[in-house]
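Below is data-v3.cif, which holds mmCIF, C-alpha atoms.
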```cif
data_final
#
loop_
_atom_site.group_PDB
_atom_site.id
_atom_site.type_symbol
_atom_site.label_atom_id
_atom_site.label_comp_id
_atom_site.auth_asym_id
_atom_site.auth_seq_id
_atom_site.Cartn_x
_atom_site.Cartn_y
_atom_site.Cartn_z
ATOM 1 C CA MET A 1 55.965 107.040 188.668
ATOM 2 C CA SER A 2 59.070 105.364 190.031
ATOM 3 C CA CYS A 3 62.399 104.363 188.561
ATOM 4 C CA ARG A 4 65.164 101.910 189.457
ATOM 5 C CA ILE A 5 68.319 103.565 190.773
ATOM 6 C CA ASP A 6 70.614 101.820 188.274
ATOM 7 C CA LYS A 7 68.430 102.912 185.368
ATOM 8 C CA PHE A 8 68.235 106.475 186.705
ATOM 9 C CA ALA A 9 72.007 106.718 187.296
ATOM 10 C CA HIS A 10 72.593 105.665 183.699
ATOM 11 C CA ALA A 11 69.859 107.986 182.357
ATOM 12 C CA VAL A 12 71.290 111.116 184.040
ATOM 13 C CA ARG A 13 74.845 110.207 183.077
ATOM 14 C CA LEU A 14 76.224 109.305 186.494
ATOM 15 C CA ALA A 15 77.441 106.080 184.844
ATOM 16 C CA LYS A 16 78.289 105.265 181.228
ATOM 17 C CA THR A 17 76.218 102.090 181.023
ATOM 18 C CA ARG A 18 73.439 100.562 183.081
ATOM 19 C CA SER A 19 75.584 97.556 183.935
ATOM 20 C CA GLN A 20 78.367 99.866 185.182
ATOM 21 C CA ALA A 21 75.773 101.718 187.251
ATOM 22 C CA ALA A 22 74.534 98.436 188.744
ATOM 23 C CA LEU A 23 78.085 97.368 189.560
ATOM 24 C CA ALA A 24 78.885 100.721 191.201
ATOM 25 C CA ILE A 25 75.701 100.501 193.279
ATOM 26 C CA SER A 26 76.532 96.950 194.357
ATOM 27 C CA LYS A 27 80.027 98.047 195.421
ATOM 28 C CA GLY A 28 78.650 101.011 197.387
ATOM 29 C CA LYS A 29 80.113 103.650 195.047
ATOM 30 C CA ILE A 30 76.605 104.995 194.372
ATOM 31 C CA ARG A 31 74.343 105.293 197.425
ATOM 32 C CA LEU A 32 70.768 106.405 197.970
ATOM 33 C CA ASN A 33 70.122 108.694 200.944
ATOM 34 C CA ASN A 34 73.499 107.686 202.440
ATOM 35 C CA GLU A 35 72.572 103.999 202.424
ATOM 36 C CA THR A 36 73.960 101.214 200.292
ATOM 37 C CA VAL A 37 71.105 99.727 198.296
ATOM 38 C CA LYS A 38 70.519 97.138 195.606
ATOM 39 C CA PRO A 39 70.457 98.253 191.949
ATOM 40 C CA SER A 40 66.752 97.382 191.755
ATOM 41 C CA ARG A 41 65.783 99.878 194.486
ATOM 42 C CA GLU A 42 63.096 102.341 193.435
ATOM 43 C CA ILE A 43 63.858 106.040 193.802
ATOM 44 C CA LYS A 44 61.399 108.861 194.441
ATOM 45 C CA LEU A 45 61.369 112.616 193.994
ATOM 46 C CA GLY A 46 63.517 114.350 196.608
ATOM 47 C CA ASP A 47 65.860 111.400 197.163
ATOM 48 C CA GLU A 48 69.564 112.162 197.377
ATOM 49 C CA ILE A 49 72.117 110.157 195.421
ATOM 50 C CA GLN A 50 75.745 110.082 196.578
ATOM 51 C CA VAL A 51 78.450 109.161 194.074
ATOM 52 C CA VAL A 52 81.896 108.324 195.458
ATOM 53 C CA ARG A 53 84.771 109.130 193.125
ATOM 54 C CA HIS A 54 88.216 108.318 194.540
ATOM 55 C CA THR A 55 88.352 110.542 197.644
ATOM 56 C CA ALA A 56 85.340 112.798 196.980
ATOM 57 C CA THR A 57 81.617 112.254 197.438
ATOM 58 C CA PHE A 58 79.278 114.043 195.034
ATOM 59 C CA THR A 59 75.653 114.576 196.092
ATOM 60 C CA PHE A 60 72.654 115.015 193.793
ATOM 61 C CA ARG A 61 68.934 115.509 194.542
ATOM 62 C CA VAL A 62 66.311 113.938 192.283
ATOM 63 C CA ILE A 63 63.840 116.568 191.055
ATOM 64 C CA GLN A 64 62.211 114.627 188.230
ATOM 65 C CA LEU A 65 62.102 110.980 187.200
ATOM 66 C CA LEU A 66 62.694 109.736 183.666
ATOM 67 C CA ASP A 67 62.632 106.584 181.549
ATOM 68 C CA LYS A 68 65.324 107.074 178.922
ATOM 69 C CA ARG A 69 68.847 108.456 178.837
ATOM 70 C CA VAL A 70 68.972 112.191 178.163
ATOM 71 C CA GLY A 71 71.555 114.486 176.635
ATOM 72 C CA ALA A 72 74.130 116.145 178.857
ATOM 73 C CA LYS A 73 72.473 119.554 178.484
ATOM 74 C CA LEU A 74 69.160 118.208 179.815
ATOM 75 C CA VAL A 75 70.530 116.544 182.962
ATOM 76 C CA ASP A 76 69.948 119.715 185.023
ATOM 77 C CA GLN A 77 66.183 119.229 184.596
ATOM 78 C CA TYR A 78 66.314 115.926 186.488
ATOM 79 C CA ILE A 79 68.938 116.356 189.238
ATOM 80 C CA ILE A 80 70.362 119.215 191.296
ATOM 81 C CA ASP A 81 74.040 119.142 192.240
ATOM 82 C CA LEU A 82 74.388 119.650 196.022
ATOM 83 C CA THR A 83 78.112 118.848 196.183
ATOM 84 C CA PRO A 84 80.072 121.168 198.504
ATOM 85 C CA GLU A 85 83.145 122.887 197.082
ATOM 86 C CA GLU A 86 85.441 121.015 199.503
ATOM 87 C CA GLU A 87 84.534 117.703 197.850
ATOM 88 C CA ARG A 88 85.384 119.075 194.405
ATOM 89 C CA GLU A 89 88.727 120.262 195.790
ATOM 90 C CA LYS A 90 89.432 116.753 197.129
ATOM 91 C CA LEU A 91 88.983 115.293 193.648
ATOM 92 C CA LEU A 92 91.234 117.943 192.093
ATOM 93 C CA VAL A 93 93.968 117.264 194.663
ATOM 94 C CA TYR A 94 93.692 113.518 193.987
ATOM 95 C CA GLN A 95 93.902 114.037 190.210
ATOM 96 C CA GLN A 96 96.911 116.328 190.537
ATOM 97 C CA SER A 97 98.709 113.906 192.835
ATOM 98 C CA GLN A 98 98.105 111.062 190.379
ATOM 99 C CA SER A 99 99.377 113.074 187.415
ATOM 100 C CA THR A 100 102.624 113.950 189.208
ATOM 101 C CA TYR A 101 103.174 110.322 190.178
ATOM 102 C CA ARG A 102 103.633 109.328 186.527
ATOM 103 C CA ASP A 103 103.552 111.758 183.621
ATOM 104 C CA ASN A 104 100.705 111.352 181.172
ATOM 105 C CA GLY A 105 101.690 109.753 177.894
ATOM 106 C CA THR A 106 104.815 108.043 179.214
ATOM 107 C CA GLY A 107 103.183 104.616 179.083
ATOM 108 C CA LYS A 108 103.927 101.781 181.428
ATOM 109 C CA PRO A 109 107.263 101.630 183.255
ATOM 110 C CA THR A 110 110.195 100.140 181.379
ATOM 111 C CA LYS A 111 112.208 97.230 182.706
ATOM 112 C CA LYS A 112 114.872 99.672 183.908
ATOM 113 C CA ASP A 113 112.224 101.767 185.702
ATOM 114 C CA ARG A 114 110.900 98.647 187.446
ATOM 115 C CA ARG A 115 114.401 97.640 188.540
ATOM 116 C CA ASN A 116 115.089 101.126 189.897
ATOM 117 C CA LEU A 117 111.792 101.123 191.751
ATOM 118 C CA GLY A 118 112.501 97.659 193.166
ATOM 119 C CA ASP A 119 115.968 98.749 194.324
ATOM 120 C CA PHE A 120 114.491 101.856 195.917
ATOM 121 C CA LEU A 121 111.832 99.870 197.777
ATOM 122 C CA ASN A 122 114.361 97.230 198.922
ATOM 123 C CA ASP A 123 116.476 99.973 200.496
ATOM 124 C CA TRP A 124 113.519 100.885 202.715
ATOM 125 C CA GLU A 125 113.120 97.378 204.159
#
```
Would you mind writing the file's structure down as structure tokens?
Amino acid sequence: MSCRIDKFAHAVRLAKTRSQAALAISKGKIRLNNETVKPSREIKLGDEIQVVRHTATFTFRVIQLLDKRVGAKLVDQYIIDLTPEEEREKLLVYQQSQSTYRDNGTGKPTKKDRRNLGDFLNDWE
């Protein structure tokens, strides 16, 4: 039995939809055995899937193939997470730096904020 990588990524919840999985694979955000591949590439047992999220790369090993999307609790039966702790730390640092850049819930910058930012950036030129 074999399975397309875009279908598998969607089935084990590495992507929300199959089309998003295909797009991520085409852009190189999801790789197979450290190689960029087409979304139609067949995967086999033992293959490693790398998922790039911002600054971190998450690695998963395929231990069982499947046809349909499974619940979140059942994902562990199909892939093993091989991601080192340093990669998880990279993502946390990125998320924290983004949250301090602009507070959550404050919405988009106001006209006054944009003017202040423009004045600040013009002073650096």
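Note on the selection: in this file the PyMOL selection byres ((chain A and resi 32) around 10) comes out as Ile5, Ile25, Gly28, Ile30, Arg31, Asn33, Asn34, Glu35, Thr36, Val37, Lys38, Arg41, Glu42, Ile43, Asp47, Glu48, Ile49, Gln50, Val51, Thr59, Phe60 and Arg61 of chain A.
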Nearby residues (all atoms listed in the file) at most 10 Å from Glu85 in chain A, same-chain spacing under 4 positions excluded, as a PyMOL selection string: chain A and resi 58+89-90
Gap from CA of Ala11 in chain A to CA of Gln98 in chain A - Å, one decimal: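 Atom-to-atom, CA of Ala11 in chain A to CA of Gln98 in chain A, that is 29.5 Å.
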Thr57 in chain A environment, 9 Å, all atoms listed in the file, sequence neighbours closer than 3 positions dropped, as a PyMOL selection string: chain A and resi 50-54+83+87-88+91
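When all atoms listed in the file are used to compute distances to Leu65 in chain A, the closest of the residues A:Asp81, A:Leu121, A:Gly46, A:Asn116 turns out to be A:Gly46.
Take CA of Ser2 in chain A and CA of Ala24 in chain A: the distance between them is 20.4 Å.
Of the residues listed (A:Met1, A:Thr55, A:Lys44, A:Lys68), A:Lys68 shows the shortest atom-to-atom separation from Arg13 in chain A; distances use only C-alpha atoms.
For the pair CA of Val12 in chain A and CA of Tyr78 in chain A, the interatomic distance is 7.3 Å.
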Nearest residue to Tyr94 in chain A from the set A:Asp123, A:Thr110, A:Ala56, A:Gln64 (distances using all atoms listed in the file): A:Ala56
Residue nearest Ile79 in chain A among A:His10, A:Lys29, A:Ile63, A:Lys111 (counting all atoms listed in the file):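 For Ile79 in chain A, the nearest of the candidates is A:Ile63.
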Could you give me the centre and size, in Å to one decimal, of an axis-aligned box around all listed atoms of range 42-59 of chain A with 4 Å added on every side, as AutoDock Vina command-line options?
```
--center_x 74.9 --center_y 108.5 --center_z 195.4 --size_x 35.0 --size_y 20.2 --size_z 12.5
```
